[in-house]
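**Q** Okay, handing you the structure first.
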Amino acid sequence: HTLWHGITEPGTALAFGVLIAVGELARHEARDRPGHRRPAEDRQPAPLGSAGALAYALLGHEAGRASHHGVLQVVTVVVAAALVGIVPHIARGRGPALDHVARRVLTVAFAAACFRPLYDCGRLTEVVGQGPYLVLFLLGLLGLTALCDAVLAAALAGARTGWPYGPLLRDELRALAGIGSAICATGVVMALGVAVAGLWALPAFSVPLLLTQMSFRRITAIRTTYRQTITSLARATEIAGYTRPGHARRVAALSCAVGRELGLSERELTVLEYAALMHDIGQLSLVDPVPAGATAPLPPADARRIAELGGEVARLTGVPSEVAVVVERQADPYREQPVAARIVRVVNAYEDLLGEGRHPSGSLAALEQLRLGTGRDYQPEVVEGLARVLARGGRARVVPVPPG
């Protein structure tokens with residue numbers, strides 16, 4: 001349609017297209033790790049491009065002159081600029097997934113479809129005018145747009161991972177308070193700034209968001225380094241021969257998957273992952289290693305002593321206090337444990353019961369053994385959450401049993 005009828009106000013379209021393309025070039029593509037989701041600040045890898053696209057969709061005037069570009073032209077400019085901006089990333093083999101691109105286009109199309117028809121027919125100006133009521137209208141529209149984006153993001157994440165939709169949507173809504181609100185606010189300010197000062201307002205309002213994006217990238221790098229340090233420390237038990245190779249990483253990945261299944265928040269998942277990586281660190285204090293590193297079959301007193309030693313070691317490493325508490329409480333009766341400790345205990349016991357063979361029949365036998373221990377040692381909801389995760393992952397043919 002745009003090719004047939006031509007581009008309305010090509011100078012404005014080119015300026016916003018360049019802004020969106022620059023935002024795509026400056027994007028930061030973070031990698032998801034197994035069983036966990038990216039932090040909130042990493043869910044918008046191209047915030048400058050997203051803000052520019054929203055500003056173009058909500059642009060009513062340019063330096064006092066009314067704009068007349070329609071919804072289809074907004075979508076065309078956004079798609080063309082995004083494609084130009086992601087070409088270098090694709091050349092380096094780090095291009096974005098197609099569902100993320102489609103989600104952004106649908107979100108911008110939603111905002112444009114809600115704003116452009118009302119503005120072009122003059123109804124919006126008649127009802128709210130050009131004063132503060134217009135700003136309130138734009139903020140309300142951006143709230144609906146953010147909700148639409150959260151619904152799409154949760155649906156895509158659920159289709160990709162198989163995790164429950166409710167917790168995914170909750171995390172996306174929580175993320176709106178971070179970089180999402182900055183993107184929406186910058187989009188409104190850009191649109192209003194261009195309406196008064198013209199296209200020269202674009203670079204002026206882009207700099208703060210670009211600096212914010214750079215700060216988030218540094219924070220992400222620090223978090224990645226911190227997690228790598230904890231992972232390396234957790235491998236000490238494997239190098240010393242106290243646990244099987246890869247045991248800590250398998251327990252961490254499966255614990256995060258179970259935590260997601262049970263609806264834990266992002267911060268709780270982070271604490272859970274760190275505690276799962278370090279859950280066997282107390283074995284380094286033992287004179288004689290536990291056979292095969294399996295702590296689940298140990299007497300309660302020995303398992304509790306190893307857990308307490310692990311909590312002391314974890315505190316010396318400088319990890320958050322919640323992580324050390326989970327590590328030292330993993331051998332307590334489950335009714336006295338925090339939720340993360342219950343998950344780590346169940347997943348660690350499953351890994352110990354599974355042993356070296358790792359056959360499907362072994363998975364079924366291990367789950368049955370865990371279900372027999374739900375009277376005192378393991379929380380039934382956690383065991384059934386583990387069963388559902390394994391059933392979806394294809395590692396065991398399991399029919400979940402209702403609690404009780």
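Lettering and numbering for the structure tokens are positional, with chains as A, B, ... in the shown order, residues counted from 1 in each chain, and ligands counted from 1 in the shown order.
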Leaving out Leu138 of chain A and any residue of its chain fewer than 3 positions from it, which residues lie within 12 Å of it when counting only C-alpha atoms, given as a VMD selection string?
**A** chain A and resid 54 to 55 57 to 60 111 to 112 114 to 116 119 124 128 130 to 135 141 to 145 184 to 192
**Q** Give me the residues near Ala26 of chain A as a PyMOL selection string, where near means some atom within 10 Å (using only C-alpha atoms) and where sequence neighbours in that chain fewer than 4 positions away do not count.
**A** chain A and resi 20-22+45-49+85-86+89+210+213-214
**Q** Using only C-alpha atoms, which of the listed residues (A:Gln337, A:Thr225, A:Thr8, A:Thr2) sits closest to Tyr378 of chain A?
**A**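 Using only C-alpha atoms, the shortest distance to Tyr378 of chain A belongs to A:Gln337.
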**Q** Show me, as a ChimeraX atom specification, the residues that have an atom within 9 Å of Gly166 of chain A when counting only C-alpha atoms, minus same-chain residues fewer than 4 positions from it.
**A** /A:154,170-171,263
**Q** Set the distance at 7 Å and use only C-alpha atoms: which residues neighbour segment 73-78 of chain A once local chain neighbours fewer than 4 positions away are removed? I'd like the list as a ChimeraX atom specification.
**A** /A:2,13,17,53,56-57,69,82,105,109
**Q** Keeping N, CA, C and O atoms for every residue in the selection just given, could you write it to a file as a compact mmCIF listing (two decimals), in the first residue's frame?
**A**
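Dumped to out_31.txt:
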# COMPACT_ATOMS: atom_id res chain seq x y z
N THR A 2 1.90 1.27 0.81
CA THR A 2 2.78 2.43 0.88
C THR A 2 3.54 2.60 -0.43
O THR A 2 3.74 3.73 -0.91
N ALA A 13 9.58 10.60 7.74
CA ALA A 13 9.73 9.14 7.72
C ALA A 13 11.20 8.74 7.72
O ALA A 13 11.60 7.80 8.42
N GLY A 17 13.05 6.71 10.59
CA GLY A 17 13.64 5.45 10.14
C GLY A 17 15.11 5.35 10.51
O GLY A 17 15.58 4.29 10.95
N ALA A 53 10.10 4.07 17.36
CA ALA A 53 8.94 3.53 16.65
C ALA A 53 7.63 3.99 17.30
O ALA A 53 6.67 4.36 16.61
N TYR A 56 7.01 7.67 16.43
CA TYR A 56 6.50 7.86 15.07
C TYR A 56 5.03 7.48 14.98
O TYR A 56 4.25 8.12 14.26
N ALA A 57 4.63 6.43 15.70
CA ALA A 57 3.22 6.02 15.69
C ALA A 57 2.33 7.07 16.35
O ALA A 57 1.17 7.23 15.96
N HIS A 69 0.71 10.79 8.04
CA HIS A 69 1.08 9.41 7.71
C HIS A 69 0.13 8.45 8.41
O HIS A 69 -0.27 8.66 9.57
N ALA A 82 13.99 -1.49 10.85
CA ALA A 82 14.46 -2.61 11.68
C ALA A 82 15.27 -3.60 10.85
O ALA A 82 16.31 -4.09 11.31
N VAL A 105 6.72 -5.24 15.88
CA VAL A 105 5.89 -4.67 14.82
C VAL A 105 4.42 -4.67 15.25
O VAL A 105 3.70 -3.68 15.04
N ALA A 109 2.10 -1.42 15.70
CA ALA A 109 0.88 -1.36 14.90
C ALA A 109 -0.34 -1.15 15.79
O ALA A 109 -1.27 -0.42 15.41
**Q** Show which residues sit within 9 Å of segment 246-254 of chain A, as a tab-separated table (two decimals) with N, CA and C atoms, in the first residue's frame. Count only C-alpha atoms, and ignore same-chain residues fewer than 5 positions away.
**A**
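What ended up in result26.tsv:
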chain	number	residue	atom	x	y	z
A	33	ARG	N	19.50	-18.27	29.53
A	33	ARG	CA	20.18	-19.43	30.07
A	33	ARG	C	19.14	-20.46	30.45
A	34	PRO	N	19.52	-21.75	30.43
A	34	PRO	CA	18.54	-22.80	30.61
A	34	PRO	C	17.78	-22.66	31.93
A	35	GLY	N	16.46	-22.82	31.82
A	35	GLY	CA	15.63	-22.80	33.00
A	35	GLY	C	15.39	-21.45	33.61
A	36	HIS	N	15.93	-20.40	33.00
A	36	HIS	CA	15.80	-19.08	33.60
A	36	HIS	C	15.51	-18.09	32.49
A	231	THR	N	29.63	-20.09	39.27
A	231	THR	CA	29.68	-21.38	38.56
A	231	THR	C	31.06	-22.01	38.69
A	234	ALA	N	31.42	-23.42	42.10
A	234	ALA	CA	30.65	-24.65	42.27
A	234	ALA	C	31.36	-25.85	41.65
A	235	ARG	N	32.18	-25.61	40.64
A	235	ARG	CA	32.90	-26.71	40.00
A	235	ARG	C	34.03	-27.25	40.87
A	237	THR	N	33.90	-28.70	43.68
A	237	THR	CA	33.58	-30.03	44.19
A	237	THR	C	33.77	-31.10	43.12
A	238	GLU	N	33.53	-30.75	41.86
A	238	GLU	CA	33.74	-31.71	40.77
A	238	GLU	C	35.23	-31.94	40.53
A	259	GLY	N	11.31	-24.07	39.70
A	259	GLY	CA	10.91	-22.79	40.28
A	259	GLY	C	10.00	-22.00	39.38
A	272	LEU	N	17.61	-18.96	43.81
A	272	LEU	CA	17.50	-20.41	43.66
A	272	LEU	C	18.64	-20.95	42.81
A	273	GLU	N	18.96	-20.28	41.72
A	273	GLU	CA	20.02	-20.77	40.84
A	273	GLU	C	21.38	-20.75	41.54
A	274	TYR	N	21.69	-19.63	42.22
A	274	TYR	CA	22.97	-19.55	42.92
A	274	TYR	C	23.07	-20.60	44.02
A	275	ALA	N	21.98	-20.79	44.77
A	275	ALA	CA	22.00	-21.79	45.84
A	275	ALA	C	22.15	-23.20	45.27
A	276	ALA	N	21.48	-23.47	44.15
A	276	ALA	CA	21.59	-24.80	43.54
A	276	ALA	C	23.01	-25.06	43.04
A	277	LEU	N	23.65	-24.03	42.51
A	277	LEU	CA	25.04	-24.21	42.06
A	277	LEU	C	25.97	-24.51	43.24
A	278	MET	N	25.67	-23.94	44.41
A	278	MET	CA	26.57	-24.07	45.55
A	278	MET	C	26.08	-25.08	46.58
A	279	HIS	N	25.09	-25.88	46.25
A	279	HIS	CA	24.46	-26.70	47.28
A	279	HIS	C	25.40	-27.77	47.83
A	280	ASP	N	26.41	-28.18	47.09
A	280	ASP	CA	27.35	-29.21	47.56
A	280	ASP	C	28.68	-28.63	48.01
A	344	VAL	N	15.65	-27.17	45.86
A	344	VAL	CA	17.01	-27.70	45.73
A	344	VAL	C	17.09	-29.10	46.31
A	347	VAL	N	15.34	-31.60	43.82
A	347	VAL	CA	16.09	-31.80	42.57
A	347	VAL	C	17.41	-32.49	42.84
A	348	ASN	N	18.09	-32.15	43.92
A	348	ASN	CA	19.35	-32.81	44.26
A	348	ASN	C	19.11	-34.29	44.54
A	350	TYR	N	16.69	-36.09	43.36
A	350	TYR	CA	16.39	-36.73	42.07
A	350	TYR	C	17.67	-37.05	41.31
A	351	GLU	N	18.60	-36.09	41.28
A	351	GLU	CA	19.86	-36.33	40.59
A	351	GLU	C	20.66	-37.44	41.25
A	352	ASP	N	20.68	-37.47	42.58
A	352	ASP	CA	21.41	-38.53	43.28
A	352	ASP	C	20.77	-39.89	43.03
A	386	LEU	N	8.35	-30.98	39.62
A	386	LEU	CA	9.46	-31.64	38.94
A	386	LEU	C	8.96	-32.66	37.93
A	389	VAL	N	7.78	-30.85	34.81
A	389	VAL	CA	8.92	-30.34	34.03
A	389	VAL	C	9.57	-31.46	33.25
A	390	LEU	N	9.78	-32.60	33.90
A	390	LEU	CA	10.40	-33.74	33.22
A	390	LEU	C	9.51	-34.28	32.11
**Q** Taking only C-alpha atoms into account, name the residue in A:Trp4, A:Tyr334, A:Trp163, A:Phe16 that is nearest to Leu264 of chain A.
**A** A:Trp163
**Q** Quick one: everything within 12 Å of Ala301 of chain A, counting only C-alpha atoms, minus sequence neighbours fewer than 6 positions away in the same chain. Send it as a PyMOL selection string.
**A** chain A and resi 295+307-308+331-333
**Q** Please produce a file of the residues just selected, as a compact mmCIF listing (two decimals), in the first residue's frame, where the atoms kept are N, CA, C and O atoms.
**A**
# COMPACT_ATOMS: atom_id res chain seq x y z
N THR A 295 24.35 -36.96 48.53
CA THR A 295 24.01 -36.62 49.91
C THR A 295 22.59 -37.04 50.29
O THR A 295 22.26 -37.05 51.47
N ALA A 307 25.27 -29.44 55.00
CA ALA A 307 24.54 -28.23 54.60
C ALA A 307 25.00 -27.03 55.41
O ALA A 307 25.18 -25.92 54.86
N GLU A 308 25.20 -27.20 56.70
CA GLU A 308 25.65 -26.07 57.53
C GLU A 308 27.05 -25.63 57.14
O GLU A 308 27.34 -24.43 57.09
N ALA A 331 18.86 -29.40 54.18
CA ALA A 331 18.70 -30.72 54.81
C ALA A 331 17.66 -30.72 55.92
O ALA A 331 17.43 -31.75 56.54
N ASP A 332 17.00 -29.58 56.18
CA ASP A 332 15.97 -29.53 57.22
C ASP A 332 14.68 -30.19 56.71
O ASP A 332 14.49 -30.37 55.51
N PRO A 333 13.78 -30.54 57.62
CA PRO A 333 12.44 -31.00 57.19
C PRO A 333 11.79 -29.93 56.31
O PRO A 333 11.89 -28.74 56.61
**Q** Which residue gives the smallest distance to His100 of chain A among A:Ser215, A:Ser232, A:Ser50, A:Ser255, with only C-alpha atoms counted?
**A** A:Ser50
**Q** Pull the strand (DSSP E) assignments for segment 24-210 of chain A out of DSSP run on the backbone, and list those residues as a list of chain:residue names.
**A**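 After running DSSP on the backbone, segment 24-210 of chain A has strand (DSSP E) at A:His61, A:Glu62, A:Arg65, A:Ala66.
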**Q** Return as a ChimeraX atom specification the full set of residues in segment 49-198 of chain A whose backbone-based DSSP assignment is helix (DSSP H, G or I).
**A** /A:49-57,71-91,98-120,123-128,132-161,165-197
**Q** Just want the 12 Å neighbourhood of Val87 of chain A, counted on only C-alpha atoms, with same-chain residues fewer than 4 positions away dropped. Output as a PyMOL selection string.
**A** chain A and resi 21-22+24-25+27+80-83+91-96
**Q** Could you tell me which of A:Arg267, A:Arg104, A:Arg329, A:Arg304 comes closest to Val79 of chain A if we count only C-alpha atoms?
**A**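 Residue with the minimum atom-to-atom distance to Val79 of chain A: A:Arg104.
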**Q** Hey, can you check how far atom CA of Ala157 of chain A sits from atom CA of Leu98 of chain A?
**A**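 If I compute the distance from atom CA of Ala157 of chain A to atom CA of Leu98 of chain A, I get 12.9 Å.
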